[in-house]
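Structure data (mmCIF, C-alpha atoms) from coords_11.cif:
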```cif
data_target
loop_
_atom_site.label_atom_id
_atom_site.label_comp_id
_atom_site.auth_asym_id
_atom_site.auth_seq_id
_atom_site.Cartn_x
_atom_site.Cartn_y
_atom_site.Cartn_z
CA MET F 1 21.60 -28.51 -6.81
CA GLU F 2 19.29 -29.15 -3.90
CA GLN F 3 15.54 -28.90 -4.32
CA ILE F 4 13.37 -26.67 -2.23
CA SER F 5 10.13 -28.22 -1.19
CA LEU F 6 8.00 -26.46 1.42
CA ILE F 7 4.52 -27.27 2.59
CA GLY F 8 2.12 -24.32 2.64
CA THR F 9 0.96 -22.74 5.89
CA PRO F 10 -1.98 -20.38 6.51
CA LYS F 11 0.37 -17.47 5.73
CA THR F 12 3.06 -18.86 3.45
CA PRO F 13 2.76 -20.65 0.12
CA SER F 14 3.86 -24.15 -0.79
CA ILE F 15 7.11 -24.09 -2.72
CA LYS F 16 8.59 -26.50 -5.21
CA PHE F 17 11.85 -25.42 -6.80
CA ASP F 18 13.51 -28.23 -8.77
CA ALA F 19 16.63 -27.46 -10.81
CA LYS F 20 16.64 -30.85 -12.61
CA LEU F 21 13.11 -30.37 -13.84
CA GLY F 22 13.49 -26.64 -14.39
CA LEU F 23 10.44 -26.15 -12.23
CA VAL F 24 9.57 -23.14 -10.07
CA GLU F 25 6.25 -23.39 -8.31
CA ILE F 26 4.60 -21.08 -5.75
CA LYS F 27 1.09 -21.98 -4.65
CA GLY F 28 -1.39 -21.02 -1.94
CA ARG F 29 -1.25 -17.98 0.32
CA SER F 30 1.57 -15.55 0.61
CA ILE F 31 0.56 -13.19 3.40
CA PRO F 32 3.32 -13.15 6.04
CA GLU F 33 4.09 -9.89 7.87
CA ASN F 34 7.75 -10.22 6.91
CA SER F 35 7.91 -11.58 3.40
CA ILE F 36 11.57 -10.81 2.86
CA GLU F 37 12.52 -13.40 5.46
CA PHE F 38 10.47 -16.04 3.65
CA TYR F 39 11.58 -15.16 0.12
CA ASN F 40 15.31 -14.57 0.70
CA PRO F 41 16.30 -18.26 0.53
CA LEU F 42 14.20 -18.63 -2.63
CA ILE F 43 15.92 -15.67 -4.28
CA ASP F 44 19.31 -17.15 -3.31
CA TRP F 45 18.32 -20.46 -4.87
CA LEU F 46 17.29 -18.72 -8.10
CA ASP F 47 20.61 -16.86 -8.16
CA ARG F 48 22.42 -20.19 -8.12
CA TYR F 49 20.01 -21.82 -10.59
CA ALA F 50 20.47 -18.89 -13.00
CA LYS F 51 24.14 -19.82 -13.36
CA ASN F 52 23.28 -23.16 -14.93
CA PRO F 53 19.58 -23.23 -15.82
CA GLN F 54 17.67 -25.78 -17.88
CA ASP F 55 16.91 -24.89 -21.50
CA GLU F 56 13.32 -24.55 -20.43
CA THR F 57 12.09 -23.28 -17.05
CA ASN F 58 8.44 -23.67 -16.18
CA VAL F 59 7.05 -21.32 -13.59
CA ASN F 60 3.70 -21.98 -11.97
CA ILE F 61 2.25 -19.25 -9.81
CA GLN F 62 -1.07 -20.13 -8.27
CA LEU F 63 -1.86 -17.82 -5.41
CA GLU F 64 -5.13 -17.53 -3.60
CA TYR F 65 -4.00 -14.45 -1.66
CA PHE F 66 -0.86 -12.40 -1.56
CA ASN F 67 -0.16 -9.26 0.42
CA THR F 68 1.70 -6.18 -0.76
CA SER F 69 4.70 -7.17 1.32
CA SER F 70 4.95 -10.33 -0.83
CA SER F 71 4.29 -8.50 -4.06
CA LYS F 72 7.78 -6.99 -4.20
CA CYS F 73 9.36 -10.33 -3.31
CA ILE F 74 7.41 -12.04 -6.09
CA LEU F 75 8.68 -9.36 -8.45
CA ASP F 76 12.23 -10.19 -7.29
CA VAL F 77 11.58 -13.84 -8.16
CA PHE F 78 10.44 -12.77 -11.63
CA LYS F 79 13.50 -10.54 -12.06
CA LYS F 80 15.80 -13.49 -11.41
CA LEU F 81 13.84 -15.49 -13.97
CA GLU F 82 14.05 -12.58 -16.38
CA SER F 83 17.84 -12.71 -16.24
CA ILE F 84 17.67 -16.39 -17.29
CA PHE F 85 15.30 -15.44 -20.11
CA ASN F 86 17.60 -12.61 -21.20
CA ASN F 87 20.42 -15.12 -21.52
CA GLY F 88 18.50 -16.87 -24.27
CA LYS F 89 16.83 -19.67 -22.27
CA SER F 90 13.14 -20.38 -22.46
CA VAL F 91 11.09 -19.26 -19.46
CA CYS F 92 7.32 -19.29 -19.25
CA ILE F 93 5.30 -17.92 -16.35
CA ASN F 94 1.96 -19.63 -15.91
CA TRP F 95 -0.12 -17.24 -13.83
CA HIS F 96 -3.13 -19.07 -12.43
CA TYR F 97 -6.15 -17.24 -11.09
CA GLU F 98 -9.41 -18.51 -9.74
CA GLU F 99 -12.53 -18.10 -11.81
CA ASP F 100 -13.86 -14.49 -11.67
CA ASP F 101 -10.96 -13.33 -9.51
CA GLU F 102 -10.36 -10.16 -11.51
CA ASP F 103 -8.01 -8.71 -8.90
CA MET F 104 -5.67 -11.70 -9.27
CA LEU F 105 -5.87 -11.54 -13.06
CA GLU F 106 -5.03 -7.84 -12.91
CA ALA F 107 -2.12 -8.54 -10.57
CA GLY F 108 -0.73 -10.89 -13.21
CA ASP F 109 -1.24 -8.21 -15.80
CA ASP F 110 0.70 -5.72 -13.63
CA TYR F 111 3.68 -8.09 -13.44
CA GLN F 112 3.47 -8.87 -17.12
CA SER F 113 3.86 -5.20 -17.95
CA ILE F 114 7.00 -4.91 -15.78
CA ILE F 115 8.71 -8.21 -16.65
CA LYS F 116 9.78 -9.11 -20.16
CA ILE F 117 8.94 -12.81 -19.97
CA PRO F 118 5.90 -14.33 -21.67
CA PHE F 119 3.00 -14.85 -19.26
CA LYS F 120 0.26 -17.36 -19.75
CA MET F 121 -2.93 -16.46 -17.84
CA ILE F 122 -4.73 -19.61 -16.75
CA GLU F 123 -8.19 -19.47 -15.25
CA ILE F 124 -8.92 -22.29 -12.83
CA GLU F 125 -12.42 -23.40 -11.99
CA ILE F 126 -13.39 -23.47 -8.33
CA MET N 1 -9.73 17.71 24.60
CA ASN N 2 -8.41 14.20 24.65
CA LEU N 3 -10.03 11.53 22.60
CA ASN N 4 -11.17 8.63 24.67
CA VAL N 5 -10.23 5.66 22.52
CA HIS N 6 -12.63 3.37 24.34
CA ASP N 7 -15.54 5.67 23.49
CA TRP N 8 -14.36 5.88 19.90
CA TYR N 9 -14.35 2.12 19.73
CA LYS N 10 -17.89 1.89 21.10
CA LYS N 11 -19.12 4.35 18.51
CA LYS N 12 -17.69 2.14 15.78
CA ASN N 13 -19.91 -0.66 16.95
CA TYR N 14 -22.99 0.04 14.89
CA GLY N 15 -24.77 -1.99 12.23
CA GLU N 16 -23.97 -5.66 11.98
CA ILE N 17 -20.57 -6.22 13.50
CA LEU N 18 -18.95 -9.33 12.07
CA PHE N 19 -15.81 -8.93 14.09
CA SER N 20 -14.12 -6.48 16.40
CA TYR N 21 -10.77 -6.41 18.08
CA GLU N 22 -9.10 -4.01 20.45
CA GLY N 23 -5.63 -4.63 21.81
CA SER N 24 -2.09 -5.45 20.93
CA ILE N 25 -1.31 -5.86 17.22
CA SER N 26 1.18 -8.71 16.93
CA THR N 27 1.78 -11.59 14.55
CA ASP N 28 -0.15 -13.86 16.93
CA SER N 29 -3.15 -11.56 17.27
CA ILE N 30 -3.22 -11.03 13.48
CA ASN N 31 -3.22 -14.80 12.92
CA SER N 32 -6.14 -15.31 15.22
CA VAL N 33 -8.07 -12.30 13.88
CA LEU N 34 -7.59 -13.48 10.29
CA SER N 35 -8.79 -16.95 10.98
CA SER N 36 -11.93 -15.74 12.81
CA ILE N 37 -12.71 -13.19 10.13
CA GLU N 38 -12.35 -15.63 7.27
CA GLU N 39 -14.81 -17.94 8.94
CA LYS N 40 -17.27 -15.08 9.55
CA LEU N 41 -17.00 -13.90 5.97
CA TYR N 42 -17.96 -17.28 4.57
CA GLU N 43 -20.94 -17.37 6.92
CA THR N 44 -22.32 -14.21 5.25
CA LYS N 45 -23.04 -16.17 2.04
CA VAL N 46 -21.89 -13.21 -0.02
CA LYS N 47 -20.35 -14.28 -3.31
CA VAL N 48 -16.81 -15.57 -3.13
CA THR N 49 -15.22 -12.83 -5.25
CA ILE N 50 -16.44 -10.20 -2.77
CA ILE N 51 -15.37 -12.28 0.22
CA LYS N 52 -11.90 -12.53 -1.27
CA LYS N 53 -11.75 -8.78 -1.85
CA VAL N 54 -12.80 -8.11 1.74
CA PHE N 55 -10.33 -10.63 3.12
CA ASN N 56 -7.52 -9.13 1.06
CA ILE N 57 -8.33 -5.68 2.43
CA VAL N 58 -8.51 -7.09 5.97
CA ILE N 59 -5.04 -8.64 5.57
CA GLU N 60 -3.60 -5.42 4.19
CA SER N 61 -5.20 -3.21 6.86
CA LEU N 62 -4.03 -5.38 9.74
CA GLN N 63 -0.53 -5.53 8.35
CA ASN N 64 -0.54 -1.78 7.80
CA LEU N 65 -1.23 -1.51 11.52
CA TYR N 66 1.50 -4.03 12.28
CA HIS N 67 4.13 -2.18 10.26
CA HIS N 68 3.26 1.43 11.04
CA ILE N 69 1.82 1.53 14.52
CA ASP N 70 3.59 3.64 17.13
CA ASP N 71 3.70 2.54 20.75
CA ALA N 72 0.60 3.83 22.50
CA PRO N 73 0.95 6.67 25.00
CA GLU N 74 1.23 5.55 28.60
CA ASP N 75 -1.64 7.20 30.40
CA GLU N 76 -4.92 6.63 32.23
CA ASN N 77 -6.38 4.78 29.23
CA LYS N 78 -4.01 1.91 30.08
CA MET N 79 -3.58 0.59 26.57
CA ASP N 80 -1.39 -2.21 25.30
CA LYS N 81 1.92 -0.99 23.98
CA ARG N 82 1.12 -1.84 20.37
CA PHE N 83 -2.48 -0.80 20.68
CA GLY N 84 -4.78 -0.96 17.70
CA ILE N 85 -8.47 -1.26 16.95
CA PHE N 86 -10.02 -3.23 14.16
CA VAL N 87 -13.71 -3.57 13.28
CA LEU N 88 -15.37 -5.36 10.37
CA SER N 89 -19.02 -4.51 9.85
CA LYS N 90 -21.59 -5.18 7.20
CA THR N 91 -24.74 -3.53 5.97
CA GLU N 92 -27.10 -5.00 3.38
CA ASN N 93 -25.02 -3.78 0.47
CA SER N 94 -21.57 -3.00 1.80
CA PHE N 95 -18.75 -4.02 4.05
CA LYS N 96 -16.84 -1.58 6.21
CA ILE N 97 -13.37 -2.18 7.53
CA SER N 98 -12.36 0.27 10.26
CA SER N 99 -9.05 0.54 11.98
CA GLY N 100 -7.49 2.91 14.45
CA ASN N 101 -4.06 3.40 15.91
CA PHE N 102 -1.78 5.94 17.55
CA LEU N 103 0.90 7.75 15.63
CA LYS N 104 3.46 10.35 16.59
CA VAL N 105 2.43 13.86 15.52
CA GLU N 106 5.46 14.28 13.26
CA LYS N 107 4.05 11.59 10.94
CA LYS N 108 0.83 13.48 10.36
CA LYS N 109 1.84 15.51 7.33
CA LEU N 110 3.41 12.64 5.40
CA LEU N 111 0.44 10.38 6.05
CA LYS N 112 -2.08 13.06 5.09
CA ASP N 113 -0.22 13.72 1.84
CA ARG N 114 -0.16 10.01 1.12
CA MET N 115 -3.88 9.54 1.80
CA ASP N 116 -4.85 12.60 -0.25
CA GLN N 117 -2.64 11.51 -3.11
CA VAL N 118 -4.24 8.06 -3.26
CA ASN N 119 -7.72 9.61 -2.98
CA SER N 120 -7.07 12.05 -5.81
CA LEU N 121 -6.35 9.33 -8.37
CA ASP N 122 -8.72 7.61 -10.74
CA LYS N 123 -8.66 3.89 -11.49
CA ILE N 124 -5.98 4.01 -14.17
CA GLU N 125 -3.79 6.40 -12.19
CA ARG N 126 -3.98 4.08 -9.18
CA LYS N 127 -2.90 1.15 -11.32
CA ASN N 128 0.00 3.19 -12.69
CA LEU N 129 1.08 4.36 -9.24
CA TYR N 130 0.90 0.79 -7.94
CA LYS N 131 3.09 -0.44 -10.77
CA TYR N 132 5.52 2.43 -10.30
CA VAL N 133 5.94 1.75 -6.56
CA LEU N 134 6.09 -2.01 -7.17
CA GLY N 135 8.76 -1.61 -9.83
CA ASN N 136 11.05 0.76 -7.96
CA GLU N 137 13.79 -0.92 -6.00
CA GLU N 138 13.01 0.43 -2.58
CA TYR N 139 11.54 -1.32 0.37
CA THR N 140 10.34 0.80 3.25
CA ASP N 141 12.33 0.43 6.44
CA LYS N 142 9.48 -1.67 7.84
CA GLY N 143 9.90 -4.31 5.14
CA GLY N 144 6.55 -3.38 3.65
CA GLY N 145 6.40 -2.38 0.06
CA GLY N 146 4.77 1.01 0.66
CA LEU N 147 1.93 -0.35 -1.41
CA GLY N 148 -0.71 -1.10 1.19
CA LEU N 149 -2.93 1.95 0.86
CA ILE N 150 -2.77 1.99 -2.93
CA ASP N 151 -3.66 -1.70 -3.02
CA ILE N 152 -6.66 -1.16 -0.73
CA ALA N 153 -7.90 1.79 -2.78
CA ARG N 154 -7.58 -0.22 -5.99
CA ARG N 155 -9.57 -3.11 -4.61
CA THR N 156 -12.45 -1.00 -3.30
CA GLY N 157 -12.62 1.60 -6.03
CA ASN N 158 -13.74 3.99 -3.25
CA LYS N 159 -11.99 6.83 -1.54
CA LEU N 160 -10.32 6.06 1.78
CA GLU N 161 -12.10 7.87 4.60
CA TYR N 162 -9.76 8.92 7.36
CA ASN N 163 -9.59 11.08 10.42
CA PHE N 164 -6.86 12.45 12.59
CA HIS N 165 -8.04 12.81 16.17
CA ASP N 166 -5.92 15.01 18.39
CA TYR N 167 -4.81 13.09 21.44
CA ASN N 168 -2.01 14.93 23.19
CA LYS N 169 0.98 17.00 22.21
CA ASP N 170 2.97 13.98 21.05
CA TYR N 171 0.32 11.72 19.57
CA PHE N 172 -2.71 11.64 17.33
CA PHE N 173 -5.12 8.81 16.74
CA PHE N 174 -5.48 7.80 13.12
CA SER N 175 -8.73 6.20 12.05
CA LEU N 176 -9.42 4.70 8.66
CA ASP N 177 -12.75 3.54 7.23
CA ILE N 178 -12.69 1.44 4.09
CA LYS N 179 -15.97 0.74 2.38
CA LEU N 180 -16.56 -1.92 -0.21
CA SER N 181 -19.81 -2.23 -2.09
CA ILE N 182 -21.21 -5.76 -2.29
CA ASP N 183 -22.36 -5.30 -5.90
CA ASN N 184 -18.81 -4.27 -6.74
#
```
In structure tokens, what does this structure look like?
Amino acid sequence: MEQISLIGTPKTPSIKFDAKLGLVEIKGRSIPENSIEFYNPLIDWLDRYAKNPQDETNVNIQLEYFNTSSSKCILDVFKKLESIFNNGKSVCINWHYEEDDEDMLEAGDDYQSIIKIPFKMIEIEI
Amino acid sequence: MNLNVHDWYKKKNYGEILFSYEGSISTDSINSVLSSIEEKLYETKVKVTIIKKVFNIVIESLQNLYHHIDDAPEDENKMDKRFGIFVLSKTENSFKISSGNFLKVEKKKLLKDRMDQVNSLDKIERKNLYKYVLGNEEYTDKGGGGLGLIDIARRTGNKLEYNFHDYNKDYFFFSLDIKLSIDN
């Protein structure tokens, strides 16, 4: 399966999706006006990955900013991962937030209460 | 009596204006506004957590304009088609984010209900509403999540101050003032 590797822009995050490593990484800013356009190919990739996932999938989310248009797309990403988890594979979501960024911590908490995958909240020093 | 949007805009210019914009709301103008505002915010030397809150609200407000704006009426005010106003100001202990745009009169009731609903909720109810809207499967027809106003209210902890200014029989001008305390 092909990898997805995208460099971040001022409005879109950097992406590293690697099926061999079982790695799903979204980092930076996710604030485009039309998030669906950006996230659709990622959701498609996860659909295909979910058919033959690694025993362990590591998910790193490290966002500085994300808009509400992205928030539903990010939930869609998590839902795809949840289906892998529900099929008995290990999935861990590492939710990174910058020191004292309570809004970002709370956003992780919101997702955690909707998605039945273990979340690990990781504070990063800035 | 018609509202003169240019006068309205001038009245908004009080206190310390960090940034103001009047014109077409497009992806390009949003990009340039965001980059100028981020720079200005860091120049204020306010602590980073507050700057991030303000910048988040700025992003959300501009994109609310982008998704929901109606084409401006064609009249003597000679406005851009996707006309919107955006002002970021600061006092000693608060930031204020003001925006204004035209909407068709038939949207008034729905918007008022939405604003009043968000304003009637306490912190926990806002969180619950946010999660409910996030978790339901629908996207609005504009591709937005329908979450913008709730998100803004959650970040500020304040009520959203809004006004509907009568413009003509087809349009009203919607203005929104969002205040964020610096000791938040």
Counting all atoms listed in the file, what is within 10 Å of region 115-128 of chain N, bar same-chain residues fewer than 4 positions away, as a PyMOL selection string?
(chain F and resi 106-107+110) or (chain N and resi 109-111+132-134+149-155+157-162)
What are the nearest atom pairs, with distances in Å to one decimal, for all residues of chain F that come at most 7 Å from chain N, using all atoms listed in the file, set out by chain and rising residue number as JSON lines?
```
{"residue": "F:Glu33", "atom": "CA", "partner": "N:Gln63", "partner_atom": "CA", "distance": 6.4}
{"residue": "F:Asn34", "atom": "CA", "partner": "N:Gly143", "partner_atom": "CA", "distance": 6.5}
{"residue": "F:Tyr65", "atom": "CA", "partner": "N:Asn56", "partner_atom": "CA", "distance": 6.9}
{"residue": "F:Asn67", "atom": "CA", "partner": "N:Glu60", "partner_atom": "CA", "distance": 6.4}
{"residue": "F:Thr68", "atom": "CA", "partner": "N:Leu147", "partner_atom": "CA", "distance": 5.9}
{"residue": "F:Ser69", "atom": "CA", "partner": "N:Gly144", "partner_atom": "CA", "distance": 4.8}
{"residue": "F:Lys72", "atom": "CA", "partner": "N:Leu134", "partner_atom": "CA", "distance": 6.0}
{"residue": "F:Asp100", "atom": "CA", "partner": "N:Thr49", "partner_atom": "CA", "distance": 6.8}
{"residue": "F:Asp101", "atom": "CA", "partner": "N:Thr49", "partner_atom": "CA", "distance": 6.0}
{"residue": "F:Asp110", "atom": "CA", "partner": "N:Lys131", "partner_atom": "CA", "distance": 6.5}
```
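Note on the selection: in this file the PyMOL selection byres ((chain N and resi 98) around 10) comes out as Tyr9, Lys12, Ser20, Val58, Ser61, Ile85, Phe86, Val87, Leu88, Ser89, Phe95, Lys96, Ile97, Ser99, Gly100, Glu161, Tyr162, Ser175, Leu176, Asp177, Ile178 and Lys179 of chain N.
When the PyMOL selection byres ((chain F and resi 18) around 10) is evaluated against the file, it yields Met1, Glu2, Gln3, Ile4, Ser5, Ile15, Lys16, Phe17, Ala19, Lys20, Leu21, Gly22, Leu23, Val24, Glu25, Trp45, Tyr49 and Thr57 of chain F.
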Given the file shown, enumerate the residues that the PyMOL selection byres ((chain F and resi 26) around 10) captures and present them as a PyMOL selection string.
chain F and resi 6+8+12-17+24-25+27-30+59-63+74
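Reported to one decimal place, the separation of CA of Asn86 (chain F) from CA of Leu46 (chain F) is 14.5 Å.
Reported to one decimal place, the separation of CA of Phe78 (chain F) from CA of Ile122 (chain F) is 17.4 Å.
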Report, as AutoDock Vina command-line options, the axis-aligned box around all atoms of region 49-62 of chain F present in the file, extended by 6 Å on each side; give centre and edge lengths in Å to one decimal place.
```
--center_x 11.5 --center_y -22.3 --center_z -14.9 --size_x 37.2 --size_y 18.9 --size_z 25.2
```
